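The file upload.csv contains CSV, C-alpha atoms:
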```csv
chain,number,residue,atom,x,y,z
A,1,MET,CA,138.7,129.9,152.1
A,2,THR,CA,136.9,133.2,152.0
A,3,LYS,CA,138.0,136.2,154.0
A,4,GLN,CA,135.0,135.8,156.3
A,5,GLU,CA,135.9,132.1,156.9
A,6,LEU,CA,139.5,133.0,157.6
A,7,ASP,CA,138.3,135.7,160.0
A,8,LYS,CA,136.3,133.1,161.9
A,9,MET,CA,139.3,130.8,162.0
A,10,MET,CA,141.4,133.6,163.5
A,11,LEU,CA,138.8,134.1,166.2
A,12,ARG,CA,138.8,130.4,167.0
A,13,LEU,CA,142.6,130.5,167.2
A,14,GLN,CA,142.4,133.5,169.5
A,15,GLN,CA,140.2,131.5,171.8
A,16,GLY,CA,142.8,128.7,171.9
A,17,ASP,CA,141.4,126.3,169.3
A,18,GLU,CA,144.5,124.4,168.2
A,19,ASP,CA,142.8,122.9,165.2
A,20,ALA,CA,142.0,126.4,163.8
A,21,PHE,CA,145.7,127.1,163.4
A,22,GLU,CA,146.2,123.9,161.3
A,23,GLU,CA,143.3,124.9,159.1
A,24,ILE,CA,144.6,128.4,158.7
A,25,TYR,CA,148.0,127.1,157.8
A,26,ASN,CA,146.7,124.6,155.3
A,27,GLU,CA,144.5,127.1,153.6
A,28,THR,CA,147.1,129.9,153.4
A,29,LYS,CA,150.5,128.2,153.1
A,30,ARG,CA,150.7,128.0,149.3
A,31,GLY,CA,149.8,131.6,148.7
A,32,LEU,CA,151.8,133.0,151.5
A,33,PHE,CA,154.9,131.1,150.4
A,34,ALA,CA,154.6,132.4,146.9
A,35,PHE,CA,154.3,135.9,148.3
A,36,ILE,CA,157.3,135.6,150.5
A,37,LEU,CA,159.3,134.1,147.7
A,38,SER,CA,158.3,137.0,145.5
A,39,ILE,CA,160.0,139.3,148.0
A,40,CYS,CA,163.1,137.4,149.0
A,41,ARG,CA,163.6,135.2,145.8
A,42,ASN,CA,165.4,132.5,147.8
A,43,TYR,CA,163.6,129.2,148.5
A,44,HIS,CA,165.3,128.5,151.9
A,45,THR,CA,164.9,132.1,153.2
A,46,ALA,CA,161.3,132.0,152.1
A,47,GLU,CA,160.8,128.7,154.0
A,48,ASP,CA,162.3,130.3,157.2
A,49,MET,CA,160.3,133.4,156.8
A,50,MET,CA,157.1,131.4,156.3
A,51,GLN,CA,157.8,129.7,159.5
A,52,THR,CA,158.5,133.0,161.2
A,53,ALA,CA,155.3,134.4,159.8
A,54,TYR,CA,153.2,131.6,161.3
A,55,ILE,CA,155.0,131.8,164.6
A,56,ARG,CA,154.3,135.5,164.7
A,57,LEU,CA,150.7,134.8,163.8
A,58,ARG,CA,150.4,132.6,166.9
A,59,THR,CA,152.2,134.9,169.2
A,60,THR,CA,150.3,138.0,168.2
A,61,ILE,CA,146.9,136.5,167.6
A,62,ALA,CA,145.6,138.3,170.7
A,63,SER,CA,145.9,141.6,168.8
A,64,TYR,CA,143.8,140.4,165.9
A,65,LYS,CA,140.5,142.4,165.7
A,66,ALA,CA,137.4,140.5,164.6
A,67,GLY,CA,136.1,141.6,161.2
A,68,SER,CA,139.4,143.0,160.0
A,69,ASN,CA,141.1,141.7,156.9
A,70,ALA,CA,142.5,138.4,158.1
A,71,TYR,CA,144.5,137.7,154.9
A,72,GLY,CA,145.9,141.3,154.9
A,73,TRP,CA,146.9,140.9,158.5
A,74,LEU,CA,148.7,137.6,157.9
A,75,TYR,CA,150.4,138.8,154.7
A,76,THR,CA,151.5,142.0,156.4
A,77,ILE,CA,153.1,139.9,159.1
A,78,ALA,CA,154.9,137.9,156.5
A,79,LYS,CA,156.0,140.9,154.5
A,80,ASN,CA,157.4,142.7,157.6
A,81,ALA,CA,159.2,139.5,158.8
A,82,THR,CA,160.7,138.9,155.4
A,83,LEU,CA,161.8,142.5,154.9
A,84,ASN,CA,163.4,142.5,158.4
A,85,GLU,CA,165.2,139.3,157.6
A,86,LEU,CA,166.4,140.7,154.2
A,87,ASN,CA,167.7,143.8,156.0
A,88,ARG,CA,169.5,141.6,158.5
A,89,GLN,CA,171.0,139.5,155.9
A,90,LYS,CA,172.1,142.5,154.0
A,91,ARG,CA,173.9,143.8,157.0
A,92,GLU,CA,175.5,140.5,157.9
A,93,THR,CA,176.1,138.8,154.5
A,94,PRO,CA,175.9,141.4,151.8
A,95,THR,CA,177.4,139.2,149.1
A,96,ASP,CA,174.6,136.6,149.5
A,97,LEU,CA,172.0,139.1,148.4
A,98,GLU,CA,174.1,140.3,145.5
A,99,ASP,CA,174.6,136.9,144.1
A,100,GLY,CA,171.6,136.5,141.9
A,101,ASN,CA,172.4,132.9,141.0
A,102,ALA,CA,172.1,131.8,144.6
A,103,ARG,CA,168.8,133.5,145.3
A,104,TYR,CA,166.3,131.1,144.0
A,105,GLY,CA,167.7,128.0,145.6
A,106,SER,CA,165.9,124.8,144.5
A,107,TYR,CA,162.4,126.3,144.1
A,108,THR,CA,160.6,124.2,141.5
A,109,MET,CA,158.6,127.2,140.3
A,110,ASP,CA,161.8,128.4,138.8
A,111,GLY,CA,162.6,125.3,137.0
A,112,ASP,CA,161.9,123.9,133.5
A,113,GLY,CA,158.3,122.9,134.5
A,114,SER,CA,157.4,126.5,135.3
A,115,PRO,CA,158.3,128.7,132.3
A,116,VAL,CA,155.9,131.5,133.0
A,117,THR,CA,156.9,131.7,136.6
A,118,ALA,CA,160.5,131.7,135.5
A,119,VAL,CA,159.7,134.7,133.2
A,120,MET,CA,158.0,136.4,136.1
A,121,ASN,CA,161.0,136.1,138.3
A,122,LYS,CA,163.3,137.1,135.4
A,123,VAL,CA,161.7,140.3,134.1
A,124,LEU,CA,159.7,141.7,137.1
A,125,GLY,CA,161.0,143.9,139.8
A,126,GLU,CA,160.3,143.1,143.5
A,127,THR,CA,157.1,145.2,143.8
A,128,GLU,CA,155.8,143.9,140.5
A,129,ARG,CA,156.4,140.3,141.7
A,130,GLN,CA,154.6,140.9,145.0
A,131,ILE,CA,151.6,142.4,143.3
A,132,VAL,CA,151.3,139.6,140.7
A,133,SER,CA,151.9,137.0,143.4
A,134,LEU,CA,149.2,138.4,145.6
A,135,HIS,CA,146.7,138.8,142.8
A,136,VAL,CA,147.3,135.6,140.9
A,137,PHE,CA,148.5,133.1,143.6
A,138,SER,CA,146.6,134.4,146.7
A,139,GLY,CA,143.5,135.8,145.0
A,140,PHE,CA,143.8,139.2,146.5
A,141,LYS,CA,141.8,142.0,145.0
A,142,HIS,CA,143.8,145.0,143.9
A,143,ARG,CA,142.3,147.1,146.7
A,144,GLU,CA,143.5,144.5,149.2
A,145,ILE,CA,147.0,144.4,147.6
A,146,ALA,CA,147.1,148.2,148.0
A,147,GLU,CA,146.3,147.7,151.7
A,148,VAL,CA,148.9,145.1,152.3
A,149,LEU,CA,151.7,146.8,150.4
A,150,ASP,CA,150.6,150.2,151.6
A,151,LYS,CA,150.4,151.7,148.1
A,152,PRO,CA,147.8,153.7,146.3
A,153,LEU,CA,145.2,151.6,144.4
A,154,GLY,CA,146.1,153.3,141.1
A,155,THR,CA,149.7,152.4,141.5
A,156,VAL,CA,148.9,148.8,142.2
A,157,LEU,CA,146.6,148.6,139.1
A,158,TRP,CA,149.1,150.3,136.8
A,159,THR,CA,152.0,148.2,138.2
A,160,TYR,CA,150.0,145.0,137.8
A,161,ASN,CA,149.1,145.6,134.2
A,162,ASN,CA,152.5,146.8,133.4
A,163,ALA,CA,154.0,143.6,134.9
A,164,LEU,CA,151.8,141.4,132.8
A,165,ALA,CA,152.7,143.4,129.7
A,166,LYS,CA,156.4,142.9,130.4
A,167,MET,CA,155.8,139.2,130.9
A,168,LYS,CA,153.8,138.9,127.7
A,169,ARG,CA,156.6,140.5,125.7
A,170,GLU,CA,159.2,138.2,127.2
A,171,LEU,CA,157.0,135.1,126.7
A,172,VAL,CA,156.5,136.0,123.0
A,173,LYS,CA,160.2,136.6,122.7
A,174,GLU,CA,161.0,133.2,124.2
A,175,GLY,CA,158.4,131.5,122.0
A,176,GLU,CA,156.1,130.5,124.8
A,177,TYR,CA,153.3,132.4,123.2
A,178,GLU,CA,152.4,133.4,119.7
A,179,VAL,CA,151.5,137.0,119.0
B,180,MET,CA,147.4,136.1,123.9
B,181,ARG,CA,145.6,137.7,126.7
B,182,PHE,CA,146.6,138.6,130.2
B,183,LYS,CA,144.1,136.0,131.4
B,184,ASP,CA,146.2,133.3,129.7
B,185,ILE,CA,149.3,134.4,131.5
B,186,GLU,CA,147.4,134.5,134.8
B,187,LYS,CA,146.0,131.0,134.1
B,188,ARG,CA,149.4,129.6,133.3
B,189,LEU,CA,150.9,131.2,136.4
B,190,ARG,CA,148.1,129.8,138.6
B,191,SER,CA,148.5,126.4,137.1
B,192,GLU,CA,152.3,126.4,137.7
B,193,HIS,CA,151.8,127.7,141.2
B,194,ASP,CA,149.3,124.9,142.0
B,195,GLU,CA,151.8,122.3,140.9
B,196,SER,CA,154.7,123.8,142.8
B,197,ARG,CA,156.2,122.3,145.9
B,198,VAL,CA,155.6,124.2,149.1
B,199,PRO,CA,157.7,123.4,152.2
B,200,ASP,CA,155.7,122.1,155.1
B,201,VAL,CA,157.1,124.4,157.8
B,202,TYR,CA,154.4,123.4,160.2
B,203,MET,CA,155.7,119.8,160.4
B,204,ARG,CA,159.2,121.2,160.6
B,205,VAL,CA,158.3,123.4,163.5
B,206,LYS,CA,156.4,120.7,165.2
B,207,LYS,CA,159.5,118.6,165.3
B,208,ALA,CA,161.9,121.4,166.4
B,209,PRO,CA,162.3,122.7,169.9
B,210,ILE,CA,161.2,126.1,168.6
B,211,ASN,CA,157.7,124.7,168.1
B,212,LYS,CA,156.8,125.8,171.5
B,213,LEU,CA,157.1,129.3,170.1
B,214,LEU,CA,153.8,128.6,168.5
B,215,GLU,CA,152.3,128.5,172.0
B,216,GLY,CA,153.8,131.9,172.8
B,217,GLU,CA,156.9,130.8,174.7
B,218,THR,CA,160.2,132.6,174.4
B,219,PRO,CA,163.0,130.7,172.5
B,220,ALA,CA,165.1,130.4,175.7
B,221,LEU,CA,162.3,128.8,177.6
B,222,ALA,CA,161.4,126.5,174.8
B,223,PHE,CA,164.9,125.2,174.6
B,224,GLN,CA,165.3,125.0,178.4
B,225,LYS,CA,162.1,123.0,178.5
B,226,GLN,CA,163.3,120.6,175.9
B,227,ILE,CA,166.6,120.1,177.6
B,228,ALA,CA,164.7,119.6,180.9
B,229,MET,CA,162.4,117.1,179.2
B,230,LYS,CA,165.4,115.2,177.8
B,231,LEU,CA,167.1,115.1,181.2
B,232,LEU,CA,163.8,114.0,182.8
B,233,ILE,CA,163.4,111.2,180.3
B,234,GLY,CA,167.1,110.2,180.7
B,235,THR,CA,166.8,110.1,184.5
B,236,ALA,CA,163.5,108.2,184.2
B,237,ILE,CA,165.2,105.6,182.0
B,238,ILE,CA,168.2,105.2,184.3
B,239,PHE,CA,165.8,104.9,187.3
B,240,ILE,CA,163.7,102.3,185.6
B,241,VAL,CA,166.8,100.3,184.5
B,242,ALA,CA,168.2,100.5,188.1
B,243,ALA,CA,164.9,99.5,189.6
B,244,ILE,CA,164.7,96.5,187.3
B,245,ALA,CA,168.3,95.5,188.1
B,246,VAL,CA,167.7,95.9,191.9
B,247,ALA,CA,164.4,93.9,191.6
B,248,ALA,CA,166.1,91.1,189.7
B,249,LEU,CA,168.8,90.9,192.3
B,250,TRP,CA,166.3,91.1,195.1
B,251,PHE,CA,164.3,88.2,193.8
B,252,SER,CA,167.4,86.1,193.2
B,253,LYS,CA,169.2,87.0,196.5
B,254,PRO,CA,166.8,88.9,198.6
B,255,THR,CA,169.0,89.6,201.6
B,256,ASP,CA,172.5,90.7,200.5
B,257,LEU,CA,174.3,91.1,197.2
B,258,ASP,CA,177.4,89.6,198.6
B,259,LEU,CA,175.8,86.4,200.0
B,260,PRO,CA,177.6,83.2,199.1
B,261,ASP,CA,175.7,80.7,197.0
B,262,TYR,CA,176.0,77.7,199.3
B,263,TYR,CA,176.4,76.6,202.8
B,264,VAL,CA,178.3,73.3,203.4
B,265,SER,CA,178.2,71.4,206.7
B,266,VAL,CA,180.9,68.8,207.0
B,267,THR,CA,180.8,66.2,209.8
B,268,VAL,CA,183.8,64.0,210.4
B,269,GLU,CA,183.6,60.9,212.6
B,270,ARG,CA,187.2,60.1,213.5
B,271,GLN,CA,188.3,56.5,214.2
B,272,THR,CA,188.8,57.6,217.8
B,273,GLY,CA,185.1,58.3,218.2
B,274,ARG,CA,185.4,62.0,218.1
B,275,THR,CA,183.0,63.9,215.9
B,276,GLU,CA,184.0,67.2,214.4
B,277,SER,CA,181.7,69.5,212.5
B,278,TYR,CA,182.9,72.2,210.1
B,279,GLY,CA,181.0,74.8,208.3
B,280,ALA,CA,181.9,76.6,205.1
B,281,VAL,CA,180.3,78.8,202.6
B,282,LEU,CA,181.0,78.7,198.9
B,283,ARG,CA,180.9,81.3,196.2
B,284,GLU,CA,180.0,79.7,192.9
B,285,ASP,CA,181.5,82.4,190.7
B,286,SER,CA,185.0,82.3,192.2
B,287,GLY,CA,184.8,78.7,193.4
B,288,THR,CA,186.2,79.9,196.8
B,289,VAL,CA,185.5,78.0,199.9
B,290,LEU,CA,185.3,80.1,203.0
B,291,ILE,CA,185.5,78.2,206.2
B,292,THR,CA,183.3,79.7,208.8
B,293,GLU,CA,183.2,77.2,211.6
B,294,GLU,CA,186.3,75.4,212.7
B,295,TYR,CA,184.3,73.4,215.1
B,296,ARG,CA,180.6,73.5,215.4
B,297,SER,CA,180.0,75.1,218.8
B,298,ALA,CA,177.5,77.5,220.2
B,299,ASP,CA,180.5,79.5,221.4
B,300,MET,CA,181.2,81.9,218.6
B,301,SER,CA,184.7,82.5,219.8
B,302,ASP,CA,185.6,79.1,218.4
B,303,LYS,CA,184.6,80.1,214.9
B,304,HIS,CA,186.8,81.1,212.1
B,305,ALA,CA,185.2,83.8,210.0
B,306,PHE,CA,185.9,83.4,206.4
B,307,THR,CA,189.2,81.5,206.1
B,308,GLU,CA,189.6,81.2,202.4
B,309,CYS,CA,190.8,78.1,200.7
B,310,LEU,CA,190.2,76.5,197.3
B,311,GLN,CA,189.1,73.1,198.5
B,312,ILE,CA,187.7,71.9,201.7
B,313,THR,CA,190.6,69.4,202.0
B,314,ASP,CA,193.0,72.4,202.2
B,315,PHE,CA,191.6,73.2,205.6
B,316,ILE,CA,190.3,70.1,207.1
B,317,LEU,CA,192.7,67.2,207.7
B,318,PHE,CA,191.0,63.9,206.7
B,319,LYS,CA,192.1,60.4,207.2
B,320,SER,CA,191.2,57.5,205.1
B,321,ASP,CA,189.3,55.8,207.9
B,322,ASP,CA,187.2,58.9,208.7
B,323,LYS,CA,183.4,58.7,208.1
B,324,VAL,CA,182.5,62.0,206.4
B,325,SER,CA,179.1,63.4,205.7
B,326,ILE,CA,178.7,66.5,203.5
B,327,SER,CA,175.5,68.4,203.6
B,328,ILE,CA,175.2,71.3,201.1
B,329,PHE,CA,172.4,73.9,201.1
B,330,GLY,CA,171.6,76.2,198.4
B,331,ASP,CA,168.7,77.9,196.6
B,332,ALA,CA,166.2,75.3,195.5
B,333,ARG,CA,166.6,76.5,191.9
B,334,ASN,CA,170.3,75.6,192.1
B,335,HIS,CA,169.7,72.1,193.4
B,336,ARG,CA,171.5,70.3,190.6
B,337,THR,CA,174.6,72.5,190.9
B,338,ALA,CA,174.6,72.0,194.6
B,339,PHE,CA,174.6,68.3,194.1
B,340,LEU,CA,177.5,68.5,191.6
B,341,ILE,CA,179.5,70.6,194.1
B,342,ALA,CA,178.9,68.1,196.9
B,343,SER,CA,179.8,65.2,194.6
B,344,ASP,CA,183.0,67.0,193.5
B,345,MET,CA,183.9,67.4,197.2
B,346,ALA,CA,183.4,63.7,197.8
B,347,VAL,CA,185.5,62.7,194.9
B,348,ARG,CA,188.3,65.1,195.9
B,349,LEU,CA,188.1,63.6,199.5
B,350,LYS,CA,188.4,60.1,198.2
B,351,GLU,CA,191.3,60.9,195.8
B,352,ASP,CA,193.3,63.1,198.2
B,353,CYS,CA,192.6,61.4,201.5
B,354,GLY,CA,191.0,58.0,200.7
B,355,ALA,CA,188.0,59.0,202.9
B,356,GLU,CA,184.5,58.0,201.9
B,357,ALA,CA,181.9,60.7,202.1
B,358,VAL,CA,178.1,60.6,202.2
B,359,ILE,CA,176.5,63.6,200.5
B,360,SER,CA,173.1,65.2,200.9
B,361,VAL,CA,171.7,68.3,199.2
B,362,ASN,CA,169.1,70.5,201.0
B,363,ASP,CA,168.4,67.6,203.3
B,364,ALA,CA,165.4,68.5,205.6
B,365,LYS,CA,166.9,67.1,208.8
B,366,ALA,CA,170.3,68.7,208.1
B,367,LYS,CA,168.6,72.0,207.4
B,368,ALA,CA,166.7,71.7,210.7
B,369,ASP,CA,170.0,71.1,212.4
B,370,TRP,CA,171.5,74.1,210.7
B,371,ALA,CA,168.6,76.3,211.8
B,372,THR,CA,168.9,75.0,215.4
B,373,TYR,CA,172.6,75.7,215.3
B,374,ILE,CA,171.9,79.3,214.2
B,375,LEU,CA,169.4,79.7,217.0
B,376,GLN,CA,171.9,78.4,219.6
B,377,CYS,CA,174.4,80.9,218.4
B,378,GLY,CA,171.9,83.8,219.0
B,379,GLY,CA,170.6,84.1,215.4
B,380,LYS,CA,167.0,84.0,214.2
B,381,ALA,CA,166.1,81.0,212.1
B,382,THR,CA,163.5,78.2,211.7
B,383,ALA,CA,163.6,75.0,209.7
B,384,GLU,CA,160.9,76.5,207.5
B,385,ASP,CA,163.0,79.4,206.4
B,386,GLY,CA,164.2,79.5,202.8
B,387,PHE,CA,167.9,79.2,202.0
B,388,TRP,CA,168.5,83.0,201.6
B,389,LYS,CA,167.0,83.8,204.9
B,390,LEU,CA,169.0,81.1,206.7
B,391,ILE,CA,172.3,82.1,205.1
B,392,ALA,CA,171.7,85.7,206.0
B,393,ALA,CA,170.9,84.8,209.6
B,394,TYR,CA,174.0,82.5,209.6
B,395,LEU,CA,176.3,85.2,208.3
B,396,ASN,CA,175.0,87.7,210.8
B,397,LEU,CA,176.5,85.5,213.5
B,398,PHE,CA,179.9,86.6,212.2
B,399,GLU,CA,179.4,90.3,212.2
```

I need this file expressed as structure tokens, please.
Amino acid sequence: MTKQELDKMMLRLQQGDEDAFEEIYNETKRGLFAFILSICRNYHTAEDMMQTAYIRLRTTIASYKAGSNAYGWLYTIAKNATLNELNRQKRETPTDLEDGNARYGSYTMDGDGSPVTAVMNKVLGETERQIVSLHVFSGFKHREIAEVLDKPLGTVLWTYNNALAKMKRELVKEGEYEV
Amino acid sequence: MRFKDIEKRLRSEHDESRVPDVYMRVKKAPINKLLEGETPALAFQKQIAMKLLIGTAIIFIVAAIAVAALWFSKPTDLDLPDYYVSVTVERQTGRTESYGAVLREDSGTVLITEEYRSADMSDKHAFTECLQITDFILFKSDDKVSISIFGDARNHRTAFLIASDMAVRLKEDCGAEAVISVNDAKAKADWATYILQCGGKATAEDGFWKLIAAYLNLFE
């Protein structure tokens, strides 16, 4: 779904079209989940945050402005919801976040069938993961990523290329790719 | 290896990954009303209210069905007896005595309601309990006894068995012969006339449940 099509869907939802929400959900769920997962790195937390993001989408749809970046708007909602949740978890259960083994849950992207994703999660930092996720999984342009993450375009471009270079080195090291 | 290859592999793995269907989960949960802009408390309150409403509706429907079933089987009163028995005894002396009794099938109890058939209600015994009609009425072997039993038309066979049992008991205990009749039209007309004489409202065309209700009202 293009940005313009999503914008139309958002306007339909704003006018109370229930079917529009389902279409938005089906079109964005995959990319949004990967993005949230790149932030929190825990399958179950990501699931909850995904739910929260869509609930907030529904409850704040009145504030959506026609012609604005619908994807950016949705992803910003998801990012803020996830960061708030992580902060809350950090305050209430600090050990949970520090336990790296428990963070991925049962997410299949991290398993044997997803070696490149596993490398991404292994070697990239949080911001790098978010940028790669937004670009590769959600199809965001770097300019759009800069908007969502509130970072300069140059930083996004540099971080993205640096992230892929780190992944390439690790993949070669693990024998996934030949030099 | 190019960056494009890494991106391609990542995209491919991503497309094959499992994504939780939170929409379905939300739809099933009470919180789903949040999608419609409700507060969590209101969403949960509404769900509880809906559960209570459904529970109450089910109880109401079950009660209504039970009451309807009882109404159709015994339309006047839940405590109505199942049968009315009129016993007429012609003594050797020429004296004729009439007795009335009601029977409850579940307990097998006989409740003598009329010691002597008379339009004067002060002569009546209301609900003197005994197990057999012979426990209350003294029969002699040379008495001519007629037993008329009335009951719901659907229980005609049971009524006949009860009357037969009474006749057998009468023969064995007292040696008296008894003629039995079940829902006999003439006896029913007599019963209705008797109820009228006593101040009740009844006609020979009334069904059993209407007659028994009118009859029992005489004792209230």

Each chain A residue no farther than 9 Å from chain B, nearest pair in Å, all atoms listed in the file, as JSON lines:
```
{"residue": "A:Glu22", "atom": "CA", "partner": "B:Tyr202", "partner_atom": "CA", "distance": 8.3}
{"residue": "A:Tyr25", "atom": "CA", "partner": "B:Tyr202", "partner_atom": "CA", "distance": 7.8}
{"residue": "A:Lys29", "atom": "CA", "partner": "B:Val198", "partner_atom": "CA", "distance": 7.6}
{"residue": "A:Arg30", "atom": "CA", "partner": "B:Val198", "partner_atom": "CA", "distance": 6.2}
{"residue": "A:Gly31", "atom": "CA", "partner": "B:His193", "partner_atom": "CA", "distance": 8.7}
{"residue": "A:Phe33", "atom": "CA", "partner": "B:Val198", "partner_atom": "CA", "distance": 7.1}
{"residue": "A:Ala34", "atom": "CA", "partner": "B:His193", "partner_atom": "CA", "distance": 7.9}
{"residue": "A:Glu47", "atom": "CA", "partner": "B:Pro199", "partner_atom": "CA", "distance": 6.4}
{"residue": "A:Asp48", "atom": "CA", "partner": "B:Val201", "partner_atom": "CA", "distance": 7.9}
{"residue": "A:Met50", "atom": "CA", "partner": "B:Val201", "partner_atom": "CA", "distance": 7.2}
{"residue": "A:Gln51", "atom": "CA", "partner": "B:Val201", "partner_atom": "CA", "distance": 5.6}
{"residue": "A:Tyr54", "atom": "CA", "partner": "B:Leu214", "partner_atom": "CA", "distance": 7.8}
{"residue": "A:Ile55", "atom": "CA", "partner": "B:Leu214", "partner_atom": "CA", "distance": 5.2}
{"residue": "A:Arg56", "atom": "CA", "partner": "B:Leu214", "partner_atom": "CA", "distance": 7.9}
{"residue": "A:Leu57", "atom": "CA", "partner": "B:Leu214", "partner_atom": "CA", "distance": 8.4}
{"residue": "A:Arg58", "atom": "CA", "partner": "B:Leu214", "partner_atom": "CA", "distance": 5.5}
{"residue": "A:Thr59", "atom": "CA", "partner": "B:Gly216", "partner_atom": "CA", "distance": 5.0}
{"residue": "A:Thr60", "atom": "CA", "partner": "B:Gly216", "partner_atom": "CA", "distance": 8.4}
{"residue": "A:Tyr107", "atom": "CA", "partner": "B:Arg197", "partner_atom": "CA", "distance": 7.6}
{"residue": "A:Thr108", "atom": "CA", "partner": "B:Ser196", "partner_atom": "CA", "distance": 6.1}
{"residue": "A:Met109", "atom": "CA", "partner": "B:Ser196", "partner_atom": "CA", "distance": 5.7}
{"residue": "A:Gly113", "atom": "CA", "partner": "B:Glu192", "partner_atom": "CA", "distance": 7.6}
{"residue": "A:Ser114", "atom": "CA", "partner": "B:Glu192", "partner_atom": "CA", "distance": 5.6}
{"residue": "A:Pro115", "atom": "CA", "partner": "B:Glu192", "partner_atom": "CA", "distance": 8.4}
{"residue": "A:Val116", "atom": "CA", "partner": "B:Leu189", "partner_atom": "CA", "distance": 6.1}
{"residue": "A:Thr117", "atom": "CA", "partner": "B:Leu189", "partner_atom": "CA", "distance": 6.0}
{"residue": "A:Met120", "atom": "CA", "partner": "B:Leu189", "partner_atom": "CA", "distance": 8.8}
{"residue": "A:Val132", "atom": "CA", "partner": "B:Glu186", "partner_atom": "CA", "distance": 8.7}
{"residue": "A:Val136", "atom": "CA", "partner": "B:Glu186", "partner_atom": "CA", "distance": 6.2}
{"residue": "A:Phe137", "atom": "CA", "partner": "B:Arg190", "partner_atom": "CA", "distance": 6.0}
{"residue": "A:Asn161", "atom": "CA", "partner": "B:Phe182", "partner_atom": "CA", "distance": 8.4}
{"residue": "A:Leu164", "atom": "CA", "partner": "B:Phe182", "partner_atom": "CA", "distance": 6.5}
{"residue": "A:Ala165", "atom": "CA", "partner": "B:Phe182", "partner_atom": "CA", "distance": 7.8}
{"residue": "A:Met167", "atom": "CA", "partner": "B:Ile185", "partner_atom": "CA", "distance": 8.1}
{"residue": "A:Lys168", "atom": "CA", "partner": "B:Ile185", "partner_atom": "CA", "distance": 7.4}
{"residue": "A:Tyr177", "atom": "CA", "partner": "B:Met180", "partner_atom": "CA", "distance": 7.0}
{"residue": "A:Glu178", "atom": "CA", "partner": "B:Met180", "partner_atom": "CA", "distance": 7.1}
{"residue": "A:Val179", "atom": "CA", "partner": "B:Met180", "partner_atom": "CA", "distance": 6.5}
```

Could you pull the residues within 12 Å of B:Thr337, counting only C-alpha atoms, minus those fewer than 4 positions along the same chain, as a list in words? Asp261, Tyr262, Leu282, Glu284, Ile328, Phe329, Gly330, Asp331, Ala332, Arg333, Ile341, Ala342, Ser343, Asp344, Val361 and Asn362 of chain B

Write out as a PyMOL selection string which residues come within 6 Å of B:Ala368 when counting only C-alpha atoms, dropping same-chain ones fewer than 3 positions away. chain B and resi 365+371+383

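Going from atom CA of A:Gln15 over to atom CA of A:Met1, you cover 19.8 Å.
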
Shell of 12 Å around B:Asp369, all atoms listed in the file, local chain residues under 2 positions omitted, as a short mmCIF file (atom, residue, chain, number, x, y, z; two decimals) with C-alpha atoms, in the frame of the given file:
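part13.cif was written with the following content:
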```cif
data_model
loop_
_atom_site.label_atom_id
_atom_site.label_comp_id
_atom_site.auth_asym_id
_atom_site.auth_seq_id
_atom_site.Cartn_x
_atom_site.Cartn_y
_atom_site.Cartn_z
CA SER B 265 178.20 71.40 206.70
CA SER B 277 181.70 69.50 212.50
CA ARG B 296 180.60 73.50 215.40
CA SER B 327 175.50 68.40 203.60
CA PHE B 329 172.40 73.90 201.10
CA ASN B 362 169.10 70.50 201.00
CA ASP B 363 168.40 67.60 203.30
CA ALA B 364 165.40 68.50 205.60
CA LYS B 365 166.90 67.10 208.80
CA ALA B 366 170.30 68.70 208.10
CA LYS B 367 168.60 72.00 207.40
CA ALA B 371 168.60 76.30 211.80
CA THR B 372 168.90 75.00 215.40
CA TYR B 373 172.60 75.70 215.30
CA ILE B 374 171.90 79.30 214.20
CA LEU B 375 169.40 79.70 217.00
CA GLN B 376 171.90 78.40 219.60
CA ALA B 381 166.10 81.00 212.10
CA THR B 382 163.50 78.20 211.70
CA ALA B 383 163.60 75.00 209.70
CA GLU B 384 160.90 76.50 207.50
CA LEU B 390 169.00 81.10 206.70
#
```

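For A:Tyr64, the list of residues within 9 Å, based on all atoms listed in the file and with local chain neighbours fewer than 4 positions off taken out, reads Met10, Leu11, Gln14, Thr60, Ser68, Ala70 and Trp73 of chain A.
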